[in-house]
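Asks: Sharing my_file-v2.cif, mmCIF, C-alpha atoms:
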```
data_start
#
loop_
_atom_site.label_atom_id
_atom_site.label_comp_id
_atom_site.auth_asym_id
_atom_site.auth_seq_id
_atom_site.Cartn_x
_atom_site.Cartn_y
_atom_site.Cartn_z
CA MET A 270 -9.15 35.25 -42.58
CA PRO A 271 -12.84 34.24 -42.21
CA MET A 272 -13.88 33.29 -38.72
CA THR A 273 -16.40 30.82 -37.39
CA ALA A 274 -19.29 31.85 -35.21
CA ASP A 275 -17.41 30.81 -32.08
CA ALA A 276 -14.13 32.47 -33.02
CA GLU A 277 -12.62 35.00 -30.63
CA PRO A 278 -12.46 38.49 -32.19
CA SER A 279 -8.97 39.58 -33.12
CA ILE A 280 -7.73 42.41 -30.90
CA PRO A 281 -5.01 44.71 -32.30
CA VAL A 282 -1.71 44.55 -30.47
CA GLY A 283 -0.48 47.69 -28.81
CA PRO A 284 -0.55 49.40 -25.43
CA SER A 285 -2.60 52.32 -26.72
CA VAL A 286 -5.61 50.18 -27.70
CA PRO A 287 -8.49 51.05 -25.31
CA ILE A 288 -9.82 47.62 -24.33
CA GLU A 289 -12.21 47.66 -21.42
CA PRO A 290 -12.84 44.46 -19.44
CA THR A 291 -16.34 43.08 -19.25
CA ALA A 292 -18.25 43.19 -15.98
CA ALA A 293 -17.55 39.50 -15.40
CA THR A 294 -13.82 39.74 -15.94
CA ALA A 295 -13.54 42.99 -14.02
CA GLN A 296 -15.20 41.33 -11.06
CA ALA A 297 -12.91 38.26 -11.29
CA ALA A 298 -9.74 40.37 -11.59
CA PRO A 299 -7.89 41.12 -8.35
CA ALA A 300 -7.01 44.61 -7.24
CA LYS A 301 -4.39 46.34 -9.34
CA GLY A 302 -0.90 45.61 -8.11
CA ALA A 303 -1.99 42.70 -5.91
CA ARG A 304 -0.27 40.09 -8.07
CA SER A 305 3.25 40.02 -9.43
CA ALA A 306 4.00 39.89 -13.15
CA PRO A 307 5.28 36.27 -12.99
CA ASP A 308 2.15 35.24 -11.08
CA ARG A 309 -0.09 36.77 -13.75
CA LEU A 310 1.92 35.12 -16.52
CA LEU A 311 1.74 31.71 -14.86
CA SER A 312 -1.97 32.12 -14.21
CA VAL A 313 -2.51 32.34 -17.98
CA LEU A 314 -0.71 29.04 -18.52
CA GLY A 315 -2.51 27.56 -15.51
CA ALA A 316 -5.86 28.30 -17.16
CA PHE A 317 -5.29 25.27 -19.41
CA ASP A 318 -5.89 21.76 -18.09
CA LEU A 319 -7.20 18.37 -19.20
CA GLU A 320 -10.81 19.60 -19.24
CA HIS A 321 -9.86 22.90 -20.90
CA PRO A 322 -7.14 22.22 -23.52
CA ALA A 323 -8.42 24.99 -25.84
CA LEU A 324 -9.61 28.40 -24.64
CA CYS A 325 -10.72 31.69 -26.14
CA LEU A 326 -9.26 34.92 -24.82
CA THR A 327 -12.32 35.67 -22.70
CA ASP A 328 -12.15 32.26 -21.04
CA ILE A 329 -8.43 32.69 -20.35
CA SER A 330 -9.16 36.05 -18.77
CA ARG A 331 -11.89 34.59 -16.57
CA ARG A 332 -10.03 31.42 -15.52
CA ALA A 333 -6.80 33.33 -14.82
CA GLY A 334 -8.63 36.03 -12.84
CA LEU A 335 -7.26 38.81 -15.06
CA SER A 336 -8.78 41.74 -16.88
CA LEU A 337 -9.27 41.22 -20.61
CA THR A 338 -6.61 43.86 -21.32
CA THR A 339 -3.99 42.13 -19.17
CA ALA A 340 -4.91 38.67 -20.47
CA HIS A 341 -4.60 39.87 -24.06
CA ARG A 342 -1.18 41.39 -23.44
CA LEU A 343 0.16 38.25 -21.76
CA VAL A 344 -1.40 35.87 -24.29
CA THR A 345 0.17 37.87 -27.11
CA ALA A 346 3.60 37.69 -25.48
CA LEU A 347 3.27 33.96 -24.81
CA SER A 348 2.08 33.33 -28.37
CA GLU A 349 5.00 35.24 -29.87
CA TRP A 350 7.41 33.19 -27.76
CA GLY A 351 5.70 29.91 -28.71
CA ALA A 352 4.21 28.95 -25.34
CA LEU A 353 0.70 29.32 -26.79
CA GLU A 354 -0.66 28.74 -30.28
CA ARG A 355 -3.87 30.14 -31.81
CA ASP A 356 -5.87 28.00 -34.24
CA GLU A 357 -8.04 29.12 -37.14
CA SER A 358 -11.14 29.29 -34.95
CA GLY A 359 -9.46 31.73 -32.60
CA LEU A 360 -8.89 29.29 -29.73
CA TYR A 361 -5.57 29.09 -27.93
CA HIS A 362 -3.69 25.87 -27.15
CA VAL A 363 -0.47 25.08 -25.28
CA GLY A 364 2.41 25.56 -27.73
CA LEU A 365 5.24 23.27 -28.73
CA ARG A 366 7.82 25.55 -27.10
CA LEU A 367 6.63 24.34 -23.70
CA TRP A 368 7.01 20.73 -24.84
CA GLU A 369 10.59 21.49 -25.84
CA LEU A 370 11.30 22.81 -22.36
CA ALA A 371 9.54 19.88 -20.68
CA ALA A 372 11.77 17.50 -22.63
CA LEU A 373 14.71 18.83 -20.60
CA ALA A 374 13.18 17.77 -17.27
CA PRO A 375 15.20 14.91 -15.75
CA ARG A 376 12.01 13.33 -14.36
CA GLY A 377 10.11 13.67 -17.65
CA PRO A 378 11.09 12.66 -21.19
CA ALA A 379 14.73 12.15 -20.16
CA LEU A 380 13.70 9.48 -17.66
CA ARG A 381 11.21 8.08 -20.13
CA GLN A 382 13.91 7.64 -22.78
CA ILE A 383 16.12 5.65 -20.39
CA ALA A 384 13.23 3.52 -19.15
CA LEU A 385 11.50 2.86 -22.47
CA PRO A 386 13.44 -0.30 -23.51
CA TYR A 387 12.61 -1.93 -20.17
CA LEU A 388 8.97 -0.83 -20.38
CA GLU A 389 8.74 -2.36 -23.85
CA ASP A 390 10.20 -5.63 -22.52
CA LEU A 391 7.62 -5.65 -19.73
CA TYR A 392 4.85 -5.03 -22.24
CA GLU A 393 6.05 -7.85 -24.49
CA ALA A 394 6.07 -10.18 -21.49
CA THR A 395 2.53 -9.30 -20.42
CA HIS A 396 0.74 -7.50 -23.31
CA GLU A 397 -0.99 -5.44 -20.64
CA ASN A 398 -0.88 -1.78 -19.62
CA VAL A 399 2.62 -0.74 -18.58
CA GLN A 400 3.10 2.56 -16.76
CA LEU A 401 5.96 4.77 -15.61
CA ALA A 402 5.29 7.46 -13.02
CA VAL A 403 7.00 9.93 -10.70
CA GLN A 404 5.87 11.59 -7.48
CA ASP A 405 4.94 15.26 -7.34
CA GLY A 406 3.89 16.13 -3.82
CA PRO A 407 0.76 14.18 -2.83
CA GLU A 408 0.19 12.97 -6.38
CA VAL A 409 1.65 10.57 -8.91
CA VAL A 410 2.28 11.88 -12.43
CA TYR A 411 2.38 9.42 -15.34
CA ILE A 412 5.18 10.11 -17.81
CA GLU A 413 4.80 7.01 -20.02
CA TRP A 414 2.10 4.47 -20.79
CA LEU A 415 2.19 1.48 -23.12
CA SER A 416 -1.00 -0.40 -23.92
CA GLY A 417 -2.45 -2.95 -26.31
CA ARG A 418 -5.92 -3.02 -27.83
CA SER A 419 -6.95 -5.97 -25.67
CA ALA A 420 -5.58 -4.56 -22.42
CA VAL A 421 -7.96 -3.58 -19.61
CA GLY A 422 -9.20 -0.01 -19.84
CA VAL A 423 -7.53 2.48 -17.50
CA HIS A 424 -8.09 6.16 -16.73
CA ILE A 425 -4.52 7.04 -17.56
CA ARG A 426 -2.76 9.29 -20.03
CA VAL A 427 0.72 10.81 -20.11
CA GLY A 428 0.63 13.78 -17.75
CA ALA A 429 -2.32 12.46 -15.72
CA ARG A 430 -2.27 12.88 -11.95
CA TRP A 431 -3.75 10.61 -9.29
CA PRO A 432 -3.54 10.55 -5.48
CA LEU A 433 -0.69 8.41 -4.21
CA HIS A 434 -2.81 6.03 -2.13
CA ALA A 435 -5.10 4.88 -4.95
CA THR A 436 -2.64 3.44 -7.49
CA GLY A 437 0.06 0.82 -7.54
CA VAL A 438 2.80 3.23 -8.59
CA GLY A 439 1.58 5.72 -6.01
CA LEU A 440 1.75 3.17 -3.21
CA ALA A 441 5.26 2.14 -4.28
CA LEU A 442 6.36 5.77 -4.10
CA LEU A 443 4.50 6.64 -0.90
CA ALA A 444 5.92 3.61 0.90
CA HIS A 445 9.45 4.94 0.38
CA SER A 446 8.78 8.61 1.08
CA ASP A 447 9.88 10.37 4.27
CA PRO A 448 8.00 9.27 7.42
CA GLU A 449 7.01 12.89 8.07
CA PHE A 450 5.46 13.13 4.61
CA GLN A 451 3.63 9.85 5.11
CA ASP A 452 2.18 11.09 8.40
CA GLU A 453 1.00 14.31 6.78
CA TYR A 454 -0.46 12.48 3.78
CA LEU A 455 -2.33 9.88 5.83
CA ALA A 456 -3.73 12.61 8.07
CA GLY A 457 -5.26 14.36 5.07
CA ARG A 458 -8.32 13.59 2.96
CA LEU A 459 -8.04 10.20 1.26
CA THR A 460 -10.31 10.24 -1.78
CA SER A 461 -12.30 7.11 -2.61
CA PHE A 462 -12.86 6.12 -6.25
CA THR A 463 -14.46 2.70 -5.82
CA PRO A 464 -15.83 0.71 -2.85
CA TYR A 465 -12.41 -0.96 -2.73
CA THR A 466 -10.30 2.20 -2.41
CA ILE A 467 -8.40 2.01 0.87
CA THR A 468 -9.00 5.19 2.84
CA ASP A 469 -8.38 3.95 6.38
CA PRO A 470 -5.01 5.38 7.55
CA ALA A 471 -4.18 2.39 9.76
CA ARG A 472 -4.84 -0.06 6.95
CA LEU A 473 -2.78 2.05 4.55
CA ARG A 474 0.14 2.07 6.99
CA ARG A 475 0.10 -1.72 7.07
CA MET A 476 -0.01 -1.83 3.28
CA LEU A 477 2.94 0.56 2.99
CA ALA A 478 4.92 -1.60 5.41
CA ASP A 479 4.19 -4.63 3.20
CA VAL A 480 5.40 -2.70 0.14
CA ARG A 481 8.71 -1.93 1.85
CA ARG A 482 9.05 -5.55 2.98
CA THR A 483 8.20 -7.22 -0.34
CA GLY A 484 9.51 -4.58 -2.74
CA VAL A 485 6.23 -4.44 -4.69
CA ALA A 486 2.82 -2.80 -4.33
CA VAL A 487 -0.39 -4.55 -5.31
CA SER A 488 -3.41 -2.28 -5.80
CA SER A 489 -6.65 -4.12 -6.51
CA ARG A 490 -9.78 -2.33 -7.82
CA GLN A 491 -8.89 0.96 -6.16
CA VAL A 492 -9.36 3.21 -9.20
CA THR A 493 -11.65 1.01 -11.29
CA ASP A 494 -13.36 -2.12 -10.02
CA ASP A 495 -12.05 -4.30 -12.83
CA ALA A 496 -8.30 -3.68 -12.70
CA LEU A 497 -5.32 -4.75 -10.59
CA SER A 498 -1.91 -3.11 -10.56
CA VAL A 499 1.48 -4.50 -9.56
CA ALA A 500 4.16 -1.84 -9.12
CA ALA A 501 7.78 -1.56 -7.99
CA PRO A 502 9.96 1.44 -7.11
CA ILE A 503 12.80 2.58 -9.36
CA ARG A 504 16.01 3.74 -7.70
CA GLY A 505 18.47 6.34 -8.90
CA PRO A 506 22.10 6.95 -7.95
CA GLY A 507 22.61 6.48 -4.24
CA GLY A 508 19.49 4.38 -3.89
CA THR A 509 17.00 7.26 -3.77
CA ILE A 510 13.56 6.51 -5.24
CA ALA A 511 13.28 8.15 -8.63
CA ALA A 512 10.07 6.70 -10.07
CA ALA A 513 7.87 3.61 -10.15
CA VAL A 514 6.86 1.13 -12.84
CA SER A 515 3.69 -0.94 -12.95
CA VAL A 516 1.62 -3.32 -15.00
CA VAL A 517 -2.18 -3.14 -14.88
CA VAL A 518 -4.23 -6.24 -15.69
CA PRO A 519 -7.87 -7.35 -15.45
CA GLN A 520 -8.61 -8.09 -11.81
CA ALA A 521 -10.67 -11.18 -12.60
CA ASP A 522 -7.78 -13.20 -14.01
CA ALA A 523 -4.77 -11.47 -12.47
CA GLN A 524 -1.86 -13.81 -11.76
CA VAL A 525 0.05 -11.75 -9.21
CA PRO A 526 2.81 -14.35 -8.53
CA VAL A 527 3.63 -14.31 -12.24
CA LEU A 528 3.54 -10.52 -12.56
CA VAL A 529 5.69 -9.70 -9.53
CA PRO A 530 9.02 -11.04 -10.93
CA ALA A 531 8.43 -9.31 -14.28
CA VAL A 532 7.75 -5.94 -12.66
CA ARG A 533 10.70 -6.33 -10.30
CA LEU A 534 12.98 -7.13 -13.23
CA ALA A 535 11.84 -4.03 -15.13
CA ALA A 536 12.34 -1.81 -12.08
CA ARG A 537 15.78 -3.25 -11.45
CA GLY A 538 16.82 -2.76 -15.08
CA ILE A 539 15.69 0.86 -15.14
CA SER A 540 17.39 1.50 -11.79
CA ARG A 541 20.70 0.18 -13.10
CA ALA A 542 20.35 2.28 -16.24
CA LEU A 543 19.87 5.35 -14.02
CA GLY A 544 23.11 4.61 -12.20
CA TRP A 545 21.92 2.63 -9.19
CA GLN A 546 24.44 0.11 -7.92
CA PRO A 547 22.85 -2.63 -5.76
CA GLU A 548 24.66 -3.71 -2.66
CA THR A 549 26.58 -6.96 -2.94
CA GLY A 550 24.27 -9.90 -2.48
CA THR A 551 21.05 -8.01 -3.32
#
```
In structure tokens, write the structure found in this file.

Replies:
Amino acid sequence: MPMTADAEPSIPVGPSVPIEPTAATAQAAPAKGARSAPDRLLSVLGAFDLEHPALCLTDISRRAGLSLTTAHRLVTALSEWGALERDESGLYHVGLRLWELAALAPRGPALRQIALPYLEDLYEATHENVQLAVQDGPEVVYIEWLSGRSAVGVHIRVGARWPLHATGVGLALLAHSDPEFQDEYLAGRLTSFTPYTITDPARLRRMLADVRRTGVAVSSRQVTDDALSVAAPIRGPGGTIAAAVSVVVPQADAQVPVLVPAVRLAARGISRALGWQPETGT
């Protein structure tokens, strides 16, 4: 098959092929035996991210900290299994087999499928950005996003990660996390994205207390200076917090009192669908 000028040369498969790493990759590679086989395999997959969705073999080797020989062997195995795919230009991409596995995650597509009807109702009521997110350590991960052409622009995509303190969904999740985790999070570095991002721990504590009291989080101009988010936590069986839902609107004409009941209703509907049973009278 003809190759473009930027295509990665095809390397024959086989353990007897004498492939020597370049000086750059040899320097980046750790000492032999210092890393386990699973660690090396995961480092290949970890080489891909939002800024690097397509990589040549040399780039995978460099970003994974592996010799070219080892990277080639692992990339070949992952490609044969379907975790990676190679296009006509010789670049590798994440394969559909990983998407199939991700679809089995209870906090991923499975949750999205249950929540989607309620997210669509919230979108129809507002015609603004509607988001569904879960917590992963100190970050929020977006697993669904509905938007219209006239909705305010947001820096969000499915799979995107943001610090908990800077977004509405993140605040809703952080407010209901363990006190020990909150203490650790607030003692760490709180990144600022706009002049309005709240990075003062004492002020954040007061905001989290308000979220627990009111049941909603309002984040104004913390990620972009033109957007406001209203979010509410989603509960699973037993009342544990499973996710959060939000609507993001232009800050200039945000009608928070109107948005709060709509977001609460969506969160309550998704919670019930997940098996949450509210206490009598709530």

Asks: If the PyMOL selection byres ((chain A and resi 388) around 10) is run on the structure shown, which residues does it catch, given as a PyMOL selection string?

Replies: chain A and resi 381+383-387+389-394+398-401+413-415+514-516+532+535-536+538-539

Asks: Please list as a compact mmCIF listing (two decimals) with C-alpha atoms, keeping the file's coordinate frame every residue within 6 Å of Ala496 in chain A, counting all atoms listed in the file and excluding residues in the same chain fewer than 6 positions away.

Replies:
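Full text of around_11.txt as output:
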```
# COMPACT_ATOMS: atom_id res chain seq x y z
CA ARG A 490 -9.78 -2.33 -7.82
CA VAL A 518 -4.23 -6.24 -15.69
CA PRO A 519 -7.87 -7.35 -15.45
CA GLN A 520 -8.61 -8.09 -11.81
```

Asks: Taking (7.4, -0.1, -0.2) in the coordinates of the supplied file, I want to know which residues reach to within 9 Å of it, counting all atoms listed in the file; could you give the answer as a list of chain:residue names?

Replies: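 All residues meeting the 9 Å criterion around (7.4, -0.1, -0.2) are A:Leu440, A:Ala441, A:Leu442, A:Leu443, A:Ala444, A:His445, A:Ser446, A:Met476, A:Leu477, A:Ala478, A:Asp479, A:Val480, A:Arg481, A:Arg482, A:Thr483, A:Gly484, A:Val485, A:Ala486, A:Ala501, A:Pro502.
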
Asks: Which residues match the PyMOL selection byres ((chain A and resi 432) around 10) in the file above, as a list in words?

Replies: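 Given this file, the PyMOL selection byres ((chain A and resi 432) around 10) evaluates to Gln404, Asp405, Gly406, Pro407, Glu408, Val409, Val410, Arg430, Trp431, Leu433, His434, Ala435, Thr436, Gly439, Leu440, Tyr454, Leu459, Thr460 and Ser461 of chain A.
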
Asks: Given the file shown, determine the residues that the PyMOL selection byres ((chain A and resi 329) around 9) selects; report them as a PyMOL selection string.

Replies: chain A and resi 312-314+316-317+324-328+330-335+337+340-341+344+361

Asks: May I ask for the distance between CA of Pro464 in chain A and CA of Thr395 in chain A, given in Å to one decimal place?

Replies: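 Those two atoms sit 27.3 Å apart.
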
Asks: Which residue out of A:Gln546, A:Ser348, A:Ser488, A:Thr463 has the minimum interatomic distance to Gly508 in chain A when only C-alpha atoms are used?

Replies: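 Looking at the shortest contact to Gly508 in chain A, the residue is A:Gln546.
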
Asks: What does the structure give for the distance between CA of Ala456 in chain A and CA of Pro470 in chain A, in Å to one decimal?

Replies: 7.4 Å

Asks: Using all atoms listed in the file, which residue out of A:Ile467, A:Ala429, A:Leu380, A:Val517 lies closest to Ser540 in chain A?

Replies: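 Going through A:Ile467, A:Ala429, A:Leu380, A:Val517 one by one, the smallest distance to Ser540 in chain A is for A:Leu380.
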
Asks: How many Å separate CA of Arg366 in chain A from CA of Glu354 in chain A?

Replies: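 CA of Arg366 in chain A sits 9.6 Å away from CA of Glu354 in chain A.
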
Asks: From the set A:Gly437, A:Arg475, A:Leu455, A:Tyr465, which residue has the shortest atom-to-atom contact distance to Thr493 in chain A, counting only C-alpha atoms?

Replies: A:Tyr465

Asks: Residues within 8 Å of Leu353 in chain A, please, as a VMD selection string. Count only C-alpha atoms; anything in the same chain fewer than 6 positions from it doesn't count.

Replies: chain A and resid 344 347 361 to 365

Asks: Nearest residue to Val427 in chain A out of A:Ala542, A:Ala500, A:Ala306, A:Leu319, using all atoms listed in the file?

Replies: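 With all atoms listed in the file as the atom set, the closest residue is A:Leu319.
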
Asks: Looking at only C-alpha atoms, which of A:Thr338, A:Ala323, A:Asp494, A:Ala379 is the one that sits closest to Arg355 in chain A?

Replies: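 Of all the options, A:Ala323 lies closest to Arg355 in chain A.
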